[in-house]
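Undergrad: Questions regarding the structure given below will be posed in turn.
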Amino acid sequence: MENVYENKMKLEFLSKSSNEAFARITVASFASQLDPNIEEISDIKTAVSEAVTNSIIHGYEDKIGIIKVECTLFANSIEIQISDNGKGIENIEKAKEPLYTTKPELERSGMGFTIMENFMDELKIESVVGIGTKITMKKVINN
Amino acid sequence: MKVTYNEKDKLLKIEITEEIDHHSSEKIRTRADFEIQKYIPKKLVMDFENVNFMDSAGIGMILGRYKMITMFGGTMGMINVHSSVKKVFEMSGITKIIPIIEEIGGTEIGKCV
């Protein structure tokens with residue numbers, strides 16, 4: 001990974017579902033400095049929406065907590081870190097399986113991590129049960 | 001959301017007019033279920049003309065409505081799906097059971113149950 005970054009930003013907000021749109025629009029707006037095309041912007045918005053929704057639904061469940069989003073712009077890529085202090089993921093491999101969900105009653109499709117993995121160029125999931133989860137994603141922008 | 005019902009063809013068209021995510025999908029689901037139960041249509045068409053963003057919450061929401069319409073013996077299709085939304089649908093494989101149709105009144109929707 002490149003060491004020299006061009007720009008950075010950090011957001012903190014409550015784990016309310018009304019902030020899902022706020023988070024993805026803000027990150028997309030920041031990423032626009034790299035002059036991405038429409039598809040790249042759309043991929044970033046979708047991946048951010050998935051990660052933030054996971055923190056809200058799974059990380060904090062019915063409680064309200066803080067979600068942090070940190071973005072770093074490099075010459076031709078963006079790194080996005082989304083973290084919470086929620087309950088953590090017990091089995092990351094299982095959570096990554098397409099169509100696997102612990103909340104089918106909420107009509108969750110179990111496609112969140114599959115979308116993050118496919119829409120972004122890199123995905124790293126770090127999680128400790130009872131401590132929280134940190135998702136790091138990277139998207140190369142071919143400007 | 002705009003809802004139109006064609007009595008002659010027993011066709012219910014639900015036009016979604018907002019971004020679809022976890023936040024909005026619950027509201028869309030409640031309204032769509034209300035309309036489906038009110039009309040019990042033979043065909044349900046979800047119109048995405050005015051949907052410029054959708055994440056995986058949309059997959060769950062659409063599948064849930066599909067389950068309901070098939071329970072009543074109806075069929076379902078999707079129309080005017082923009083490329084970014086299509087990308088999410090195609091990743092899930094959902095378009096194999098709920099087809100993206102070109103026009104309402106075409107034959108594609110009738111083939112799918």
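Here's how to read the names in the structure tokens: chain A, B, ... by the order shown, residue numbers from 1 in each chain, ligand numbers from 1 in the order shown.
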Residues of chain B were defined as contacting chain A if any atom lay at most 12 Å from it, counting only C-alpha atoms; please report them as a ChimeraX atom specification.
TA: /B:18-26,29,52-67,82-94
Undergrad: Need to verify the contact set: Gly65 in chain A, 12 Å, only C-alpha atoms, exclusion of same-chain residues closer than 2 positions in sequence. Can you return it as a list of chain:residue names?
TA: A:Glu12, A:Phe13, A:Leu14, A:Ser15, A:Lys16, A:Ser17, A:Val52, A:Ser55, A:Ile56, A:Ile57, A:His58, A:Gly59, A:Tyr60, A:Glu61, A:Asp62, A:Lys63, A:Ile67, A:Lys68, A:Ser83, A:Asp84, A:Asn85, A:Gly86, A:Lys87, A:Gly132
Undergrad: Determine which residues of range 8-64 of chain A DSSP labels as helix (DSSP H, G or I) from the backbone of this structure, then write them out as a count of residues only.
TA: 38
Undergrad: Write out as a PyMOL selection string all residues of chain B that DSSP puts in strand (DSSP E or B) for this structure's backbone.
TA: chain B and resi 2-6+11-15+20+43-47+54+75-79+100-101
